[in-house]
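A.B. asks: Questions regarding the structure given below will be posed in turn.
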Amino acid sequence: MVAIPHTTEAFVVSAPGKAILFGEHAVVYGKTAVAGSLDMRAYALVTPRSDDHVRLVLPDIGVDELFDTNTLPRLTPNMLEHPGMVEQLMGHISVPNGPGRLAILTFAYLFGSLFVDNCGFTVSVRSLLPVGAGLGSSAAYNVALAAALLRLSGRLPAKNASDVINEWAFAGEQVAHGTPSGIDNAVSTRGGFLEYTKGSEARNLCTTNALRVLVTNTSVPRSTRELVAGVRNARDQHPTVVNLVLDAIHETAVSAVSLFENSSDGVEQRLQDLVRMNHGLLATLGVSHAALERIREITALHNMASKLTGAGGGGCALTLVPSDASDETVEQVQCELRDAGFECYSTVVGGKGVAFTESVAAESVDKWIVRMSPLEQNDAVPADPFAAVIAAFVALPASVVAKLAP
């Protein structure tokens, strides 16, 4: 058997998505933004193989690729000017077009950078984050993948592990996006809330209080590039007015930072006020949408503040749920949003970052996954004794997958 370095057992790595709470668009111009980890996560199941092949399974986007590790390129420091150039080294390996292309190239880059010897394993990733909705689904994938491969390769240090994971996850984001800001992978790795200003190191905010939120997906497609260009054009045409709006957005973010770090009476109501103000300012810049305004109308009837999160123009809305709101009220709001044609999720923002799971309720993850799966167990594939576990993982309902987070 070709052993996986440092493990012969299955394990799961999970990483959260992200939501921008304050500062969208203004952050492009050097203003402050506040983001938080969103407890809708990507889950990477890692299982051993008994040959020298590696398999990448991404059922959400139809990817199932098996690679001979002898054919995957090995990368040395400074071999590439940019991680996105990894495709030039893939040689005769055909990388299919489609939604999984960048995910495969990211896997190839991280494997080639972290592994020297041949080994056999499978990484299967399930994501509970909607793709392309501005919730950091790409970063969650890259953080989970980087953490898994760092552990497998024996390169995950006992100290400052999150810094190393974040560094490699950022490289993965570069493969996917070219010149990412780094905020998405930083939030996904560290968890909690981060203050971010372009050109500066992201700073964790000193609060342990996660916020209960609703995330509502409008399912309205939008182009971040076009929305950012629209704000830039408005600024070019009306610099004095737009700069004042951007400054005001900055102040909502700075005020939120102060509230997070200096908890006192009335913080919750003041955060709700800032959410409303921030959205109003963003709407002034022309980046809202009728669907987002409808979500705000529905939630406002229940004294909940909502705003767009991300680039706007559709995408998702974030709603702060008051701490005294009953479960019945929250469910009623969700029903009203679904009746209006939206997808709605109840979750928290500001929770844990990347995490490893070896067992659930004292049962190993592979046995737990098989037991919880609706599939019947099949005979093991000779090269992959965990094939049944992978199939069971792919078939798990999303609500069960979520239990794999510690």
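By order of appearance in the structure tokens: chains A, B, ..., then residues from 1 within every chain, and ligands from 1 in the order shown.
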If DSSP is run on the backbone, what residues of range 154-262 of chain A are strand (DSSP E or B)? A reply as a ChimeraX atom specification would be ideal.
C.D. replies: /A:191,193-197,203-204,211-217
A.B. asks: Got a sec: who's within 8 Å of Asn278 in chain A, counting only C-alpha atoms, leaving out chain neighbours fewer than 4 positions off, as a ChimeraX atom specification?
C.D. replies: /A:22-23,249,252,274,282,307
A.B. asks: For the selection you just gave me, I'd like the residues written to a file as a short mmCIF file (atom, residue, chain, number, x, y, z; two decimals), in the first residue's frame, keeping N, CA, C and O atoms.
C.D. replies:
```
data_model
loop_
_atom_site.label_atom_id
_atom_site.label_comp_id
_atom_site.auth_asym_id
_atom_site.auth_seq_id
_atom_site.Cartn_x
_atom_site.Cartn_y
_atom_site.Cartn_z
N PHE A 22 -20.11 45.19 6.23
CA PHE A 22 -20.06 46.63 6.00
C PHE A 22 -18.89 46.96 5.07
O PHE A 22 -17.84 46.32 5.14
N GLY A 23 -19.10 47.94 4.20
CA GLY A 23 -17.99 48.48 3.42
C GLY A 23 -17.87 48.05 1.98
O GLY A 23 -16.87 48.37 1.33
N ILE A 249 -19.95 55.29 3.85
CA ILE A 249 -19.89 53.82 3.96
C ILE A 249 -18.72 53.42 4.85
O ILE A 249 -18.85 52.52 5.70
N THR A 252 -19.68 53.77 8.44
CA THR A 252 -20.52 52.69 8.97
C THR A 252 -19.65 51.51 9.38
O THR A 252 -19.89 50.87 10.41
N LEU A 274 -26.93 50.53 11.56
CA LEU A 274 -25.82 50.63 10.61
C LEU A 274 -26.06 49.78 9.37
O LEU A 274 -25.67 50.17 8.26
N LEU A 282 -25.33 52.16 -0.30
CA LEU A 282 -25.01 51.34 -1.47
C LEU A 282 -26.06 51.49 -2.55
O LEU A 282 -25.74 51.52 -3.75
N LYS A 307 -29.51 43.97 4.29
CA LYS A 307 -28.70 44.71 3.32
C LYS A 307 -28.14 43.74 2.30
O LYS A 307 -28.09 42.52 2.55
#
```
A.B. asks: Taking 6 positions as the minimum chain separation for residues in the same chain, which residues sit within 10 Å of range 386-394 of chain A when counting only C-alpha atoms? Answer as a ChimeraX atom specification.
C.D. replies: /A:9-10,44-50,57-60,121-126,365-380,400-401
A.B. asks: Find, counting only C-alpha atoms, the residue in A:Ala158, A:Leu110, A:Ala42, A:Cys119 that gets nearest to Gly136 in chain A.
C.D. replies: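 Distance minimum relative to Gly136 in chain A lands on A:Ala42.
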A.B. asks: Need to verify the contact set: range 176-184 of chain A, 7 Å, only C-alpha atoms, exclusion of same-chain residues closer than 6 positions in sequence. Can you return it as a PyMOL selection string?
C.D. replies: chain A and resi 18+84+102+136+139+170
A.B. asks: I need the residues from that last selection saved to file as a short mmCIF file (atom, residue, chain, number, x, y, z; two decimals), in the first residue's frame (with all heavy atoms), if you can.
C.D. replies:
```
data_model
loop_
_atom_site.label_atom_id
_atom_site.label_comp_id
_atom_site.auth_asym_id
_atom_site.auth_seq_id
_atom_site.Cartn_x
_atom_site.Cartn_y
_atom_site.Cartn_z
N LYS A 18 -18.07 33.34 3.63
CA LYS A 18 -17.90 34.68 4.22
C LYS A 18 -19.04 35.57 3.77
O LYS A 18 -19.66 35.39 2.74
CB LYS A 18 -16.56 35.29 3.80
CG LYS A 18 -16.46 35.80 2.36
CD LYS A 18 -16.84 37.26 2.24
CE LYS A 18 -16.71 37.84 0.85
NZ LYS A 18 -17.48 37.18 -0.22
N GLY A 84 -1.60 30.95 -11.26
CA GLY A 84 -2.54 30.70 -12.34
C GLY A 84 -1.90 30.13 -13.59
O GLY A 84 -2.60 29.67 -14.50
N LEU A 102 -11.32 25.35 -12.87
CA LEU A 102 -10.43 26.06 -11.97
C LEU A 102 -10.20 25.28 -10.68
O LEU A 102 -9.11 25.32 -10.10
CB LEU A 102 -10.99 27.44 -11.66
CG LEU A 102 -11.02 28.42 -12.84
CD1 LEU A 102 -11.71 29.72 -12.46
CD2 LEU A 102 -9.61 28.70 -13.35
N GLY A 136 -18.31 33.54 -0.83
CA GLY A 136 -16.98 32.97 -0.61
C GLY A 136 -16.90 31.47 -0.82
O GLY A 136 -16.08 30.80 -0.18
N ALA A 139 -13.33 30.47 -1.88
CA ALA A 139 -12.36 30.53 -0.78
C ALA A 139 -12.55 29.37 0.19
O ALA A 139 -11.58 28.79 0.67
CB ALA A 139 -12.48 31.86 -0.05
N PHE A 170 -4.65 31.27 -0.28
CA PHE A 170 -4.56 32.47 -1.11
C PHE A 170 -3.96 32.12 -2.47
O PHE A 170 -4.40 32.63 -3.51
CB PHE A 170 -3.71 33.54 -0.43
CG PHE A 170 -3.54 34.79 -1.24
CD1 PHE A 170 -4.62 35.62 -1.49
CD2 PHE A 170 -2.30 35.14 -1.76
CE1 PHE A 170 -4.46 36.77 -2.25
CE2 PHE A 170 -2.14 36.29 -2.52
CZ PHE A 170 -3.22 37.11 -2.77
#
```
A.B. asks: Go through A:Phe107, A:Tyr141, A:Tyr29, A:Phe193 and flag the residue nearest Pro16 in chain A, using only C-alpha atoms for the distances.
C.D. replies: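 Going through A:Phe107, A:Tyr141, A:Tyr29, A:Phe193 one by one, the smallest distance to Pro16 in chain A is for A:Tyr141.
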A.B. asks: Any idea what's packed within 7 Å of Cys316 in chain A, counting only C-alpha atoms, ignoring anything in its chain fewer than 4 positions away? Could you give it as an NGL selection string?
C.D. replies: :A and (133 or 215-218 or 308-309)
A.B. asks: Skipping near chain neighbours, those fewer than 5 positions away, what residues fall within 12 Å of Gln88 in chain A using only C-alpha atoms, listed as a PyMOL selection string?
C.D. replies: chain A and resi 72-73+75+79-83+93-95+105+108-109
A.B. asks: Filtering to all heavy atoms, could you give me those residues as an mmCIF file, in the first residue's frame?
C.D. replies:
```cif
data_model
loop_
_atom_site.group_PDB
_atom_site.id
_atom_site.type_symbol
_atom_site.label_atom_id
_atom_site.label_comp_id
_atom_site.auth_asym_id
_atom_site.auth_seq_id
_atom_site.Cartn_x
_atom_site.Cartn_y
_atom_site.Cartn_z
ATOM 1 N N LEU A 72 1.417 14.098 -12.602
ATOM 2 C CA LEU A 72 1.132 15.458 -12.144
ATOM 3 C C LEU A 72 2.444 16.229 -11.974
ATOM 4 O O LEU A 72 3.426 15.689 -11.464
ATOM 5 C CB LEU A 72 0.381 15.428 -10.817
ATOM 6 C CG LEU A 72 -1.093 15.027 -10.890
ATOM 7 C CD1 LEU A 72 -1.656 14.837 -9.487
ATOM 8 C CD2 LEU A 72 -1.910 16.059 -11.650
ATOM 9 N N PRO A 73 2.469 17.491 -12.397
ATOM 10 C CA PRO A 73 3.717 18.270 -12.291
ATOM 11 C C PRO A 73 4.087 18.541 -10.844
ATOM 12 O O PRO A 73 3.210 18.737 -9.988
ATOM 13 C CB PRO A 73 3.392 19.571 -13.026
ATOM 14 C CG PRO A 73 1.906 19.698 -12.940
ATOM 15 C CD PRO A 73 1.379 18.296 -12.993
ATOM 16 N N LEU A 75 6.130 21.179 -8.460
ATOM 17 C CA LEU A 75 6.525 22.576 -8.546
ATOM 18 C C LEU A 75 7.547 22.914 -7.482
ATOM 19 O O LEU A 75 7.438 22.466 -6.338
ATOM 20 C CB LEU A 75 5.300 23.486 -8.373
ATOM 21 C CG LEU A 75 4.113 23.204 -9.305
ATOM 22 C CD1 LEU A 75 2.955 24.129 -8.976
ATOM 23 C CD2 LEU A 75 4.521 23.365 -10.757
ATOM 24 N N MET A 79 9.072 28.597 -9.530
ATOM 25 C CA MET A 79 8.994 27.996 -10.866
ATOM 26 C C MET A 79 7.999 28.754 -11.743
ATOM 27 O O MET A 79 8.202 28.907 -12.951
ATOM 28 C CB MET A 79 8.592 26.527 -10.757
ATOM 29 C CG MET A 79 8.468 25.826 -12.116
ATOM 30 S SD MET A 79 8.005 24.078 -11.974
ATOM 31 C CE MET A 79 9.537 23.385 -11.353
ATOM 32 N N LEU A 80 6.921 29.248 -11.118
ATOM 33 C CA LEU A 80 5.901 29.987 -11.845
ATOM 34 C C LEU A 80 5.869 31.433 -11.373
ATOM 35 O O LEU A 80 5.988 31.709 -10.169
ATOM 36 C CB LEU A 80 4.525 29.350 -11.625
ATOM 37 C CG LEU A 80 4.331 27.911 -12.108
ATOM 38 C CD1 LEU A 80 2.956 27.405 -11.707
ATOM 39 C CD2 LEU A 80 4.501 27.823 -13.616
ATOM 40 N N GLU A 81 5.689 32.347 -12.299
ATOM 41 C CA GLU A 81 5.554 33.748 -11.915
ATOM 42 C C GLU A 81 4.254 33.987 -11.160
ATOM 43 O O GLU A 81 4.162 34.891 -10.321
ATOM 44 C CB GLU A 81 5.602 34.645 -13.156
ATOM 45 C CG GLU A 81 6.964 34.683 -13.851
ATOM 46 C CD GLU A 81 6.965 35.635 -15.021
ATOM 47 O OE1 GLU A 81 5.976 36.388 -15.176
ATOM 48 O OE2 GLU A 81 7.953 35.650 -15.781
ATOM 49 N N HIS A 82 3.247 33.166 -11.465
ATOM 50 C CA HIS A 82 1.929 33.309 -10.841
ATOM 51 C C HIS A 82 1.295 31.931 -10.772
ATOM 52 O O HIS A 82 1.415 31.131 -11.707
ATOM 53 C CB HIS A 82 1.052 34.249 -11.685
ATOM 54 C CG HIS A 82 -0.251 34.602 -11.040
ATOM 55 N ND1 HIS A 82 -1.351 33.770 -11.095
ATOM 56 C CD2 HIS A 82 -0.627 35.691 -10.322
ATOM 57 C CE1 HIS A 82 -2.350 34.338 -10.446
ATOM 58 N NE2 HIS A 82 -1.939 35.501 -9.961
ATOM 59 N N PRO A 83 0.608 31.599 -9.655
ATOM 60 C CA PRO A 83 -0.009 30.273 -9.538
ATOM 61 C C PRO A 83 -0.965 29.931 -10.679
ATOM 62 O O PRO A 83 -1.124 28.759 -11.034
ATOM 63 C CB PRO A 83 -0.755 30.357 -8.202
ATOM 64 C CG PRO A 83 0.031 31.337 -7.401
ATOM 65 C CD PRO A 83 0.490 32.370 -8.396
ATOM 66 N N ILE A 93 -1.994 16.078 -19.702
ATOM 67 C CA ILE A 93 -3.202 15.904 -18.894
ATOM 68 C C ILE A 93 -4.268 16.872 -19.386
ATOM 69 O O ILE A 93 -4.067 18.090 -19.409
ATOM 70 C CB ILE A 93 -2.909 16.157 -17.402
ATOM 71 C CG1 ILE A 93 -1.858 15.177 -16.897
ATOM 72 C CG2 ILE A 93 -4.187 16.039 -16.583
ATOM 73 C CD1 ILE A 93 -1.435 15.431 -15.473
ATOM 74 N N SER A 94 -5.396 16.335 -19.769
ATOM 75 C CA SER A 94 -6.488 17.148 -20.279
ATOM 76 C C SER A 94 -7.352 17.649 -19.122
ATOM 77 O O SER A 94 -7.846 16.856 -18.324
ATOM 78 C CB SER A 94 -7.349 16.331 -21.253
ATOM 79 O OG SER A 94 -8.458 17.083 -21.704
ATOM 80 N N VAL A 95 -7.494 18.951 -19.025
ATOM 81 C CA VAL A 95 -8.340 19.554 -17.996
ATOM 82 C C VAL A 95 -9.628 20.002 -18.662
ATOM 83 O O VAL A 95 -9.608 20.892 -19.520
ATOM 84 C CB VAL A 95 -7.646 20.755 -17.326
ATOM 85 C CG1 VAL A 95 -8.543 21.349 -16.247
ATOM 86 C CG2 VAL A 95 -6.307 20.331 -16.738
ATOM 87 N N LEU A 105 -7.505 22.769 -11.531
ATOM 88 C CA LEU A 105 -6.193 23.412 -11.645
ATOM 89 C C LEU A 105 -5.657 23.814 -10.264
ATOM 90 O O LEU A 105 -4.452 23.706 -10.003
ATOM 91 C CB LEU A 105 -6.283 24.629 -12.558
ATOM 92 C CG LEU A 105 -6.516 24.330 -14.047
ATOM 93 C CD1 LEU A 105 -6.745 25.630 -14.818
ATOM 94 C CD2 LEU A 105 -5.323 23.572 -14.630
ATOM 95 N N ALA A 108 -4.293 20.718 -8.723
ATOM 96 C CA ALA A 108 -3.012 20.369 -9.338
ATOM 97 C C ALA A 108 -1.894 21.263 -8.818
ATOM 98 O O ALA A 108 -0.776 20.794 -8.546
ATOM 99 C CB ALA A 108 -3.111 20.471 -10.855
ATOM 100 N N TYR A 109 -2.187 22.554 -8.662
ATOM 101 C CA TYR A 109 -1.160 23.480 -8.171
ATOM 102 C C TYR A 109 -0.759 23.142 -6.739
ATOM 103 O O TYR A 109 0.441 23.075 -6.408
ATOM 104 C CB TYR A 109 -1.662 24.923 -8.240
ATOM 105 C CG TYR A 109 -0.672 25.896 -7.659
ATOM 106 C CD1 TYR A 109 0.410 26.347 -8.401
ATOM 107 C CD2 TYR A 109 -0.793 26.335 -6.329
ATOM 108 C CE1 TYR A 109 1.344 27.218 -7.855
ATOM 109 C CE2 TYR A 109 0.142 27.205 -5.780
ATOM 110 C CZ TYR A 109 1.208 27.636 -6.548
ATOM 111 O OH TYR A 109 2.136 28.479 -5.997
#
```
A.B. asks: Just give me the gap between CA of Val349 in chain A and CA of Leu318 in chain A in Å, one decimal is fine.
C.D. replies: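 Rounded to one decimal, the two atoms are 9.8 Å apart.
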A.B. asks: State, in Å with one decimal place, the distance from CA of Val330 in chain A to CA of Val213 in chain A.
C.D. replies: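 CA of Val213 in chain A lies 9.6 Å from CA of Val330 in chain A.
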A.B. asks: DSSP on the backbone: what in range 101-340 of chain A comes out helix (DSSP H, G or I), as number ranges by chain?
C.D. replies: A: 101-114, 137-152, 161-177, 183-190, 224-237, 239-261, 267-284, 290-300, 327-339
A.B. asks: Suppose you want the space between CA of Glu201 in chain A and CA of Gly132 in chain A; what is it in Å?
C.D. replies: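 A separation of 25.5 Å between them.
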A.B. asks: If we count only C-alpha atoms and set the cut-off at 12 Å, which residues sit around Asn160 in chain A, ignoring sequence neighbours fewer than 5 positions away in its own chain? Please answer as a PyMOL selection string.
C.D. replies: chain A and resi 155+165-167+189-190
A.B. asks: For the residues selected in the previous step, produce a file with all heavy atoms as an mmCIF file, in the first residue's frame.
C.D. replies:
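Listed below is the output, result-v8.cif:
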```cif
data_model
loop_
_atom_site.group_PDB
_atom_site.id
_atom_site.type_symbol
_atom_site.label_atom_id
_atom_site.label_comp_id
_atom_site.auth_asym_id
_atom_site.auth_seq_id
_atom_site.Cartn_x
_atom_site.Cartn_y
_atom_site.Cartn_z
ATOM 1 N N ARG A 155 3.108 19.036 6.102
ATOM 2 C CA ARG A 155 3.611 20.413 6.117
ATOM 3 C C ARG A 155 2.775 21.345 6.984
ATOM 4 O O ARG A 155 2.941 22.565 6.929
ATOM 5 C CB ARG A 155 3.682 20.966 4.689
ATOM 6 C CG ARG A 155 4.691 20.249 3.802
ATOM 7 C CD ARG A 155 4.569 20.736 2.368
ATOM 8 N NE ARG A 155 5.484 20.046 1.467
ATOM 9 C CZ ARG A 155 6.630 20.546 1.020
ATOM 10 N NH1 ARG A 155 7.023 21.742 1.427
ATOM 11 N NH2 ARG A 155 7.394 19.866 0.184
ATOM 12 N N ILE A 165 -2.073 27.739 6.386
ATOM 13 C CA ILE A 165 -3.262 27.390 5.600
ATOM 14 C C ILE A 165 -3.711 28.583 4.774
ATOM 15 O O ILE A 165 -4.013 28.471 3.581
ATOM 16 C CB ILE A 165 -4.399 26.905 6.521
ATOM 17 C CG1 ILE A 165 -4.035 25.567 7.165
ATOM 18 C CG2 ILE A 165 -5.706 26.768 5.730
ATOM 19 C CD1 ILE A 165 -4.997 25.133 8.262
ATOM 20 N N ASN A 166 -3.757 29.756 5.400
ATOM 21 C CA ASN A 166 -4.211 30.957 4.706
ATOM 22 C C ASN A 166 -3.309 31.298 3.527
ATOM 23 O O ASN A 166 -3.784 31.696 2.454
ATOM 24 C CB ASN A 166 -4.267 32.129 5.692
ATOM 25 C CG ASN A 166 -4.879 33.371 5.096
ATOM 26 O OD1 ASN A 166 -5.957 33.330 4.512
ATOM 27 N ND2 ASN A 166 -4.201 34.495 5.243
ATOM 28 N N GLU A 167 -2.002 31.124 3.709
ATOM 29 C CA GLU A 167 -1.044 31.424 2.640
ATOM 30 C C GLU A 167 -1.291 30.548 1.411
ATOM 31 O O GLU A 167 -1.321 31.038 0.272
ATOM 32 C CB GLU A 167 0.376 31.216 3.153
ATOM 33 C CG GLU A 167 1.460 31.410 2.101
ATOM 34 C CD GLU A 167 2.849 31.076 2.626
ATOM 35 O OE1 GLU A 167 3.005 30.908 3.848
ATOM 36 O OE2 GLU A 167 3.775 30.969 1.799
ATOM 37 N N THR A 189 -10.353 31.030 6.789
ATOM 38 C CA THR A 189 -9.340 30.343 7.597
ATOM 39 C C THR A 189 -9.489 30.675 9.075
ATOM 40 O O THR A 189 -9.511 29.779 9.932
ATOM 41 C CB THR A 189 -7.923 30.738 7.137
ATOM 42 O OG1 THR A 189 -7.753 30.399 5.759
ATOM 43 C CG2 THR A 189 -6.874 30.009 7.953
ATOM 44 N N ARG A 190 -9.590 31.935 9.385
ATOM 45 C CA ARG A 190 -9.530 32.368 10.784
ATOM 46 C C ARG A 190 -10.876 32.314 11.484
ATOM 47 O O ARG A 190 -10.947 32.146 12.706
ATOM 48 C CB ARG A 190 -8.976 33.791 10.850
ATOM 49 C CG ARG A 190 -7.576 33.938 10.281
ATOM 50 C CD ARG A 190 -7.151 35.385 10.293
ATOM 51 N NE ARG A 190 -5.888 35.603 9.599
ATOM 52 C CZ ARG A 190 -5.334 36.791 9.411
ATOM 53 N NH1 ARG A 190 -5.936 37.874 9.874
ATOM 54 N NH2 ARG A 190 -4.194 36.906 8.763
#
```
A.B. asks: Please produce, as a Markdown table, a per-residue contact table for range 249-306 of chain A versus range 228-233 of chain A (criterion: any atom at most 8 Å away, only C-alpha atoms considered), showing the nearest atom pair and its distance in Å to one decimal, sorted by chain then residue number.
C.D. replies:
```
| residue | atom | partner | partner_atom | distance |
| --- | --- | --- | --- | --- |
| A:Leu285 | CA | A:Val231 | CA | 6.2 |
| A:Gly286 | CA | A:Val231 | CA | 7.5 |
| A:Val287 | CA | A:Val231 | CA | 8.0 |
```
A.B. asks: Nearest to Ser346 in chain A: which of A:Asp64, A:Val275, A:Thr319, A:Ala402 is it, counting only C-alpha atoms?
C.D. replies: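 Using only C-alpha atoms, the shortest distance to Ser346 in chain A belongs to A:Thr319.
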